[in-house]
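Below: start-v4.tsv (TSV, C-alpha atoms)
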chain	number	residue	atom	x	y	z
A	860	ALA	CA	-107.42	21.97	144.39
A	861	GLN	CA	-106.09	22.69	147.85
A	862	SER	CA	-104.09	20.83	150.45
A	863	VAL	CA	-102.27	21.35	153.73
A	864	THR	CA	-99.16	19.68	155.11
A	865	GLN	CA	-98.23	19.95	158.75
A	866	LEU	CA	-94.64	18.94	159.40
A	867	GLY	CA	-94.30	17.00	162.62
A	868	SER	CA	-97.22	15.11	164.06
A	869	HIS	CA	-95.79	15.63	167.56
A	870	VAL	CA	-93.87	18.60	168.94
A	871	SER	CA	-92.52	18.79	172.47
A	872	VAL	CA	-91.30	22.00	174.12
A	873	SER	CA	-90.44	23.07	177.62
A	874	GLU	CA	-92.63	25.52	179.46
A	875	GLY	CA	-91.50	29.02	178.58
A	876	ALA	CA	-89.85	27.97	175.32
A	877	LEU	CA	-90.79	29.12	171.84
A	878	VAL	CA	-93.56	27.20	170.11
A	879	LEU	CA	-93.26	26.72	166.34
A	880	LEU	CA	-95.79	24.59	164.48
A	881	ARG	CA	-95.29	24.30	160.76
A	882	CYS	CA	-97.90	24.47	158.03
A	883	ASN	CA	-97.45	24.52	154.27
A	884	TYR	CA	-100.36	24.84	151.92
A	885	SER	CA	-101.22	24.36	148.29
A	886	SER	CA	-103.98	26.35	146.62
A	887	SER	CA	-104.68	27.13	142.98
A	888	VAL	CA	-106.05	30.57	143.90
A	889	PRO	CA	-105.32	32.95	146.79
A	890	PRO	CA	-105.97	31.05	149.99
A	891	TYR	CA	-107.66	31.71	153.26
A	892	LEU	CA	-105.76	30.02	156.07
A	893	PHE	CA	-106.76	29.01	159.56
A	894	TRP	CA	-105.31	27.52	162.69
A	895	TYR	CA	-107.60	25.57	164.99
A	896	VAL	CA	-106.86	24.07	168.40
A	897	GLN	CA	-108.44	20.92	169.83
A	898	TYR	CA	-108.28	20.18	173.54
A	899	PRO	CA	-108.96	16.62	174.72
A	900	ASN	CA	-112.54	15.48	174.17
A	901	GLN	CA	-113.46	18.81	172.64
A	902	GLY	CA	-114.31	20.12	169.21
A	903	LEU	CA	-112.03	22.42	167.26
A	904	GLN	CA	-111.77	26.10	168.17
A	905	LEU	CA	-110.44	28.86	165.97
A	906	LEU	CA	-107.09	30.31	167.01
A	907	LEU	CA	-106.60	32.72	164.13
A	908	LYS	CA	-107.22	33.19	160.43
A	909	TYR	CA	-105.57	34.85	157.44
A	910	THR	CA	-107.93	36.63	155.07
A	911	SER	CA	-105.55	38.48	152.70
A	912	ALA	CA	-105.21	41.54	154.91
A	913	ALA	CA	-102.13	41.72	157.15
A	914	THR	CA	-99.68	38.89	156.62
A	915	LEU	CA	-98.93	38.66	160.34
A	916	VAL	CA	-102.03	37.50	162.12
A	917	LYS	CA	-102.50	37.58	165.86
A	918	GLY	CA	-104.83	35.14	167.55
A	919	ILE	CA	-106.01	34.13	170.96
A	920	ASN	CA	-103.80	32.94	173.82
A	921	GLY	CA	-100.72	34.75	172.50
A	922	PHE	CA	-100.44	32.80	169.26
A	923	GLU	CA	-99.63	34.36	165.93
A	924	ALA	CA	-98.96	33.17	162.40
A	925	GLU	CA	-97.30	34.70	159.38
A	926	PHE	CA	-98.47	34.18	155.83
A	927	LYS	CA	-95.53	33.81	153.45
A	928	LYS	CA	-96.68	33.46	149.89
A	929	SER	CA	-93.19	32.80	148.51
A	930	GLU	CA	-92.81	29.85	150.87
A	931	THR	CA	-96.49	28.79	150.76
A	932	SER	CA	-96.32	28.67	154.54
A	933	PHE	CA	-98.44	29.71	157.49
A	934	HIS	CA	-96.46	28.67	160.54
A	935	LEU	CA	-97.90	29.14	164.02
A	936	THR	CA	-95.75	30.58	166.79
A	937	LYS	CA	-95.95	31.57	170.42
A	938	PRO	CA	-92.98	33.15	172.20
A	939	SER	CA	-93.44	31.33	175.50
A	940	ALA	CA	-95.25	28.03	175.92
A	941	HIS	CA	-97.61	27.45	178.80
A	942	MET	CA	-98.74	24.12	180.15
A	943	SER	CA	-102.29	24.96	179.09
A	944	ASP	CA	-101.15	25.11	175.44
A	945	ALA	CA	-100.86	21.32	175.33
A	946	ALA	CA	-103.38	20.30	172.68
A	947	GLU	CA	-103.66	19.29	169.05
A	948	TYR	CA	-103.33	22.01	166.45
A	949	PHE	CA	-104.76	21.91	162.94
A	950	CYS	CA	-103.94	24.11	159.99
A	951	ALA	CA	-106.67	24.48	157.37
A	952	VAL	CA	-107.10	26.11	153.97
A	953	THR	CA	-109.96	27.22	151.79
A	954	ASN	CA	-110.43	29.65	148.93
A	955	ASN	CA	-113.16	31.41	147.00
A	956	ASN	CA	-113.55	28.49	144.64
A	957	ALA	CA	-113.92	25.95	147.42
A	958	GLY	CA	-117.37	26.93	148.65
A	959	ASN	CA	-116.31	27.39	152.26
A	960	MET	CA	-114.97	23.84	152.29
A	961	LEU	CA	-112.05	23.63	154.69
A	962	THR	CA	-109.22	21.21	154.01
A	963	PHE	CA	-107.34	20.28	157.17
A	964	GLY	CA	-103.79	19.16	157.73
A	965	GLY	CA	-103.03	16.04	159.70
A	966	GLY	CA	-102.62	17.91	162.96
A	967	THR	CA	-99.71	18.46	165.33
A	968	ARG	CA	-99.89	17.37	168.93
A	969	LEU	CA	-98.09	19.88	171.14
A	970	MET	CA	-96.70	18.63	174.42
A	971	VAL	CA	-95.39	21.07	177.03
A	972	LYS	CA	-92.90	19.83	179.60
A	973	PRO	CA	-92.64	21.49	182.98
B	261	ASP	CA	-126.48	30.94	170.89
B	262	ALA	CA	-125.39	27.66	172.45
B	263	GLY	CA	-123.11	26.82	169.57
B	264	VAL	CA	-123.24	23.71	167.42
B	265	ILE	CA	-124.95	20.94	169.34
B	266	GLN	CA	-124.31	17.29	168.65
B	267	SER	CA	-125.98	14.28	170.15
B	268	PRO	CA	-125.28	11.83	171.52
B	269	ARG	CA	-121.79	12.62	172.89
B	270	HIS	CA	-120.97	8.93	173.08
B	271	GLU	CA	-122.48	5.97	171.30
B	272	VAL	CA	-121.58	2.33	171.70
B	273	THR	CA	-123.30	-0.08	169.38
B	274	GLU	CA	-122.95	-3.57	168.06
B	275	MET	CA	-121.81	-4.34	164.57
B	276	GLY	CA	-124.72	-4.43	162.17
B	277	GLN	CA	-126.86	-1.97	164.07
B	278	GLU	CA	-128.07	1.32	162.68
B	279	VAL	CA	-126.53	4.45	164.17
B	280	THR	CA	-127.88	7.97	163.84
B	281	LEU	CA	-125.86	11.00	164.80
B	282	ARG	CA	-127.53	14.37	165.17
B	283	CYS	CA	-126.46	17.95	164.73
B	284	LYS	CA	-128.04	21.32	165.36
B	285	PRO	CA	-126.06	24.11	163.68
B	286	ILE	CA	-125.83	27.66	164.89
B	287	SER	CA	-128.95	29.59	163.97
B	288	GLY	CA	-128.49	31.56	160.76
B	289	HIS	CA	-125.55	29.52	159.50
B	290	ASP	CA	-126.11	28.34	155.96
B	291	TYR	CA	-123.32	25.77	155.62
B	292	LEU	CA	-123.11	22.53	157.56
B	293	PHE	CA	-120.23	20.05	157.46
B	294	TRP	CA	-119.80	16.51	158.76
B	295	TYR	CA	-116.26	15.40	159.58
B	296	ARG	CA	-114.83	12.13	160.86
B	297	GLN	CA	-111.69	12.03	162.99
B	298	THR	CA	-109.52	8.95	163.48
B	299	MET	CA	-105.96	8.43	164.56
B	300	MET	CA	-105.09	6.88	161.22
B	301	ARG	CA	-106.70	9.37	158.87
B	302	GLY	CA	-107.05	12.56	160.90
B	303	LEU	CA	-109.96	14.84	160.01
B	304	GLU	CA	-111.88	13.80	156.93
B	305	LEU	CA	-114.72	15.77	155.38
B	306	LEU	CA	-117.63	13.42	154.75
B	307	ILE	CA	-120.30	15.71	153.32
B	308	TYR	CA	-121.42	19.30	153.41
B	309	PHE	CA	-124.66	21.17	152.86
B	310	ASN	CA	-125.48	24.70	151.77
B	311	ASN	CA	-128.98	25.92	152.54
B	312	ASN	CA	-129.97	22.34	153.41
B	313	VAL	CA	-128.86	21.00	150.02
B	314	PRO	CA	-125.99	18.48	149.85
B	315	ILE	CA	-123.17	20.04	147.83
B	316	ASP	CA	-120.36	17.52	148.04
B	317	ASP	CA	-120.69	13.99	149.40
B	318	SER	CA	-117.54	12.62	147.81
B	319	GLY	CA	-116.08	11.98	151.25
B	320	MET	CA	-118.81	9.61	152.31
B	321	PRO	CA	-116.96	6.31	152.55
B	322	GLU	CA	-119.65	3.87	151.47
B	323	ASP	CA	-123.32	3.50	150.75
B	324	ARG	CA	-123.76	2.51	154.36
B	325	PHE	CA	-123.36	6.20	155.18
B	326	SER	CA	-126.12	8.71	154.50
B	327	ALA	CA	-126.78	12.26	155.63
B	328	LYS	CA	-129.81	14.47	155.54
B	329	MET	CA	-130.66	18.04	156.38
B	330	PRO	CA	-134.45	18.32	156.43
B	331	ASN	CA	-134.36	21.92	157.64
B	332	ALA	CA	-131.93	24.68	158.53
B	333	SER	CA	-131.71	23.65	162.17
B	334	PHE	CA	-131.15	19.91	161.99
B	335	SER	CA	-128.98	17.36	160.27
B	336	THR	CA	-128.41	13.63	160.70
B	337	LEU	CA	-125.65	11.26	159.73
B	338	LYS	CA	-126.75	7.66	159.56
B	339	ILE	CA	-124.68	4.50	159.33
B	340	GLN	CA	-126.52	1.33	158.43
B	341	PRO	CA	-125.24	-1.28	159.03
B	342	SER	CA	-122.41	-0.15	161.28
B	343	GLU	CA	-119.00	-1.85	161.31
B	344	PRO	CA	-116.10	-1.73	163.78
B	345	ARG	CA	-114.02	0.32	161.34
B	346	ASP	CA	-116.62	3.09	161.61
B	347	SER	CA	-115.44	3.73	165.17
B	348	ALA	CA	-114.31	7.37	165.27
B	349	VAL	CA	-115.25	10.79	166.51
B	350	TYR	CA	-117.76	12.48	164.22
B	351	PHE	CA	-117.88	16.27	164.19
B	352	CYS	CA	-120.44	18.62	162.83
B	353	ALA	CA	-119.50	22.21	161.97
B	354	SER	CA	-121.41	25.20	160.66
B	355	ILE	CA	-120.43	28.38	158.84
B	356	ILE	CA	-122.17	31.54	157.84
B	357	SER	CA	-121.43	33.18	154.51
B	358	PRO	CA	-119.65	35.23	153.10
B	359	GLN	CA	-117.38	32.91	151.21
B	360	GLY	CA	-113.84	32.08	152.05
B	361	ALA	CA	-112.87	33.53	155.35
B	362	SER	CA	-115.73	32.46	157.54
B	363	GLU	CA	-114.89	30.70	160.77
B	364	ALA	CA	-116.22	27.18	161.12
B	365	PHE	CA	-117.82	26.48	164.48
B	366	PHE	CA	-117.52	22.89	165.62
B	367	GLY	CA	-119.67	20.82	167.90
B	368	GLN	CA	-118.08	18.74	170.63
B	369	GLY	CA	-118.35	15.61	168.58
B	370	THR	CA	-119.91	12.16	168.92
B	371	ARG	CA	-117.54	9.38	169.87
B	372	LEU	CA	-118.81	6.26	168.13
B	373	THR	CA	-117.62	2.82	169.15
B	374	VAL	CA	-118.82	-0.16	167.14
B	375	VAL	CA	-118.09	-3.51	168.82
Could you rewrite the structure in this file as structure tokens?
Amino acid sequence: AQSVTQLGSHVSVSEGALVLLRCNYSSSVPPYLFWYVQYPNQGLQLLLKYTSAATLVKGINGFEAEFKKSETSFHLTKPSAHMSDAAEYFCAVTNNNAGNMLTFGGGTRLMVKP
Amino acid sequence: DAGVIQSPRHEVTEMGQEVTLRCKPISGHDYLFWYRQTMMRGLELLIYFNNNVPIDDSGMPEDRFSAKMPNASFSTLKIQPSEPRDSAVYFCASIISPQGASEAFFGQGTRLTVV
């Protein structure tokens, strides 16, 4: 069984401020973890993924996430928010027993204030 | 490749009518997923296929929903009869093996409104 919890359905930051979006997962076997971004009226696009190599994963648009097994977390960060980062962000988990089936969190809507 | 292609982008229909949503996965991808997105429930997996065979349809909400994948390049999701509570954005996604760490590519979705 696997599940994802995203703390905070809405996060608001000022332009230039740190972005921190939280994700905690549950998986009965070693997980693969993903962050996707969804812009208005668009499908989901991959930001980054963790595949059991380096625990700090760098993605597109300056985002990165760190896998912490002891905390079962995979939080997404960006040092300096840009207006174009305003979107909805989804954390997702799968594992080798799940047949490529992704389980998504509830999503976090990021708002960036000028 | 043009990515995952869904049609139509928008569909407005009356309650009781049959609705068919279409998806063309990326060529060579062997997994196809149908998701539904609503404000209340977020992203829900409805059904997924591997090599055109349905693997898990436990997310399909009712018998009114059915999905087929007659070949590797085409899938449909049908709702018959449709109800207002089916209003949502329906996404199709495809993945290529190997297992586990493959990126899912999403279509742009079909926004369904049932009035």
Go ahead and compute the interatomic distance for atom CA of Asn954 of chain A and atom CA of Glu363 of chain B, in Å to one decimal. 12.7 Å
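One distance worth recording is that between atom CA of Val896 of chain A and atom CA of Val916 of chain A, which is 15.6 Å.
Across the model, the gap from atom CA of Thr298 of chain B to atom CA of Ser362 of chain B is 25.0 Å.
In terms of minimum interatomic distance to Leu281 of chain B, B:Gln266 ranks closest within B:Phe293, B:Asp346, B:Ser326, B:Gln266, counting only C-alpha atoms.
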Tell me the residues of chain A close to chain B, meaning within 6 Å using only C-alpha atoms, as a ChimeraX atom specification. /A:891,901-903,910,954-955,959,965
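Protein, DNA and RNA residues at most 12 Å from (-99.9, 15.5, 167.9), with only C-alpha atoms, are these: Gln865, Leu866, Gly867, Ser868, His869, Val870, Ser871, Leu880, Val896, Gln897, Tyr898, Pro899, Ala945, Ala946, Glu947, Tyr948, Phe949, Gly964, Gly965, Gly966, Thr967, Arg968, Leu969, Met970 and Val971 of chain A; Met299 and Gly302 of chain B.
Residue nearest Asp290 of chain B within the list B:Val272, B:Leu337, B:Met329, B:Leu372: B:Met329 [criterion: smallest interatomic distance, all atoms listed in the file].
Shortest atom-to-atom contact with Ser862 of chain A among A:Asp944, A:Phe963, A:Lys972, A:Phe922: A:Phe963, counting all atoms listed in the file.
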I'd like the neighbourhood of Pro285 of chain B as a VMD selection string, where a residue qualifies if any of its atoms comes within 7 Å (using all atoms listed in the file), though same-chain residues fewer than 4 positions away should be ignored. chain B and resid 264 to 265 289 292 333 to 334 354
Could you check which residues have any atom within 12 Å of (-98.6, 40.1, 172.9), counting all atoms listed in the file with coordinates taken straight from the file, and then list them as a PyMOL selection string? chain A and resi 916-923+936-939
Considering all atoms listed in the file, state which residue in the set A:Glu925, A:Ala876, A:Cys882, A:Pro890 is at the smallest distance from Asn956 of chain A. A:Pro890
Can you pull segment 334-363 of chain B out of that block with N, CA and C atoms and hand it back as a short mmCIF file (atom, residue, chain, number, x, y, z; two decimals), in the first residue's frame?
data_model
loop_
_atom_site.label_atom_id
_atom_site.label_comp_id
_atom_site.auth_asym_id
_atom_site.auth_seq_id
_atom_site.Cartn_x
_atom_site.Cartn_y
_atom_site.Cartn_z
N PHE B 334 -4.83 3.93 -28.81
CA PHE B 334 -6.14 4.54 -28.62
C PHE B 334 -6.85 3.95 -27.42
N SER B 335 -7.44 4.85 -26.65
CA SER B 335 -8.26 4.41 -25.51
C SER B 335 -9.46 5.33 -25.40
N THR B 336 -10.56 4.78 -24.89
CA THR B 336 -11.76 5.58 -24.64
C THR B 336 -12.24 5.38 -23.23
N LEU B 337 -12.84 6.41 -22.70
CA LEU B 337 -13.54 6.36 -21.42
C LEU B 337 -14.97 6.81 -21.70
N LYS B 338 -15.91 5.93 -21.38
CA LYS B 338 -17.30 6.20 -21.70
C LYS B 338 -18.12 6.31 -20.43
N ILE B 339 -19.02 7.26 -20.42
CA ILE B 339 -19.96 7.42 -19.31
C ILE B 339 -21.37 7.35 -19.89
N GLN B 340 -22.15 6.40 -19.43
CA GLN B 340 -23.49 6.22 -19.95
C GLN B 340 -24.39 5.62 -18.88
N PRO B 341 -25.41 6.32 -18.40
CA PRO B 341 -25.75 7.70 -18.72
C PRO B 341 -24.95 8.67 -17.85
N SER B 342 -24.71 9.85 -18.34
CA SER B 342 -23.95 10.83 -17.57
C SER B 342 -24.84 11.53 -16.54
N GLU B 343 -24.21 11.99 -15.46
CA GLU B 343 -24.90 12.69 -14.38
C GLU B 343 -24.11 13.95 -14.04
N PRO B 344 -24.77 14.95 -13.46
CA PRO B 344 -24.06 16.19 -13.12
C PRO B 344 -22.84 15.97 -12.23
N ARG B 345 -22.89 14.98 -11.36
CA ARG B 345 -21.74 14.74 -10.46
C ARG B 345 -20.55 14.17 -11.20
N ASP B 346 -20.70 13.83 -12.47
CA ASP B 346 -19.56 13.38 -13.28
C ASP B 346 -18.75 14.55 -13.81
N SER B 347 -19.25 15.76 -13.61
CA SER B 347 -18.53 16.94 -14.09
C SER B 347 -17.15 17.01 -13.43
N ALA B 348 -16.12 17.10 -14.23
CA ALA B 348 -14.74 17.04 -13.75
C ALA B 348 -13.81 17.24 -14.94
N VAL B 349 -12.52 17.26 -14.64
CA VAL B 349 -11.53 17.20 -15.71
C VAL B 349 -10.96 15.79 -15.72
N TYR B 350 -10.99 15.18 -16.86
CA TYR B 350 -10.51 13.80 -17.02
C TYR B 350 -9.17 13.84 -17.75
N PHE B 351 -8.17 13.22 -17.14
CA PHE B 351 -6.83 13.18 -17.71
C PHE B 351 -6.47 11.76 -18.11
N CYS B 352 -5.75 11.69 -19.20
CA CYS B 352 -5.13 10.46 -19.63
C CYS B 352 -3.62 10.64 -19.50
N ALA B 353 -2.92 9.59 -19.10
CA ALA B 353 -1.46 9.65 -18.98
C ALA B 353 -0.88 8.34 -19.49
N SER B 354 0.34 8.42 -20.01
CA SER B 354 1.00 7.19 -20.45
C SER B 354 2.43 7.14 -19.92
N ILE B 355 2.90 5.91 -19.78
CA ILE B 355 4.23 5.62 -19.23
C ILE B 355 4.85 4.51 -20.05
N ILE B 356 6.18 4.60 -20.15
CA ILE B 356 6.90 3.48 -20.74
C ILE B 356 7.66 2.76 -19.64
N SER B 357 7.71 1.47 -19.69
CA SER B 357 8.50 0.70 -18.75
C SER B 357 9.96 1.12 -18.86
N PRO B 358 10.88 1.01 -17.91
CA PRO B 358 10.82 0.01 -16.86
C PRO B 358 9.95 0.44 -15.69
N GLN B 359 9.80 -0.45 -14.76
CA GLN B 359 8.94 -0.25 -13.62
C GLN B 359 9.48 0.82 -12.70
N GLY B 360 8.57 1.46 -12.04
CA GLY B 360 8.90 2.25 -10.86
C GLY B 360 9.16 3.70 -11.12
N ALA B 361 10.22 4.00 -11.82
CA ALA B 361 10.67 5.39 -11.86
C ALA B 361 10.34 6.07 -13.17
N SER B 362 9.45 5.51 -13.92
CA SER B 362 9.13 6.10 -15.21
C SER B 362 8.24 7.32 -15.04
N GLU B 363 8.53 8.34 -15.81
CA GLU B 363 7.73 9.56 -15.78
C GLU B 363 6.41 9.34 -16.49
#
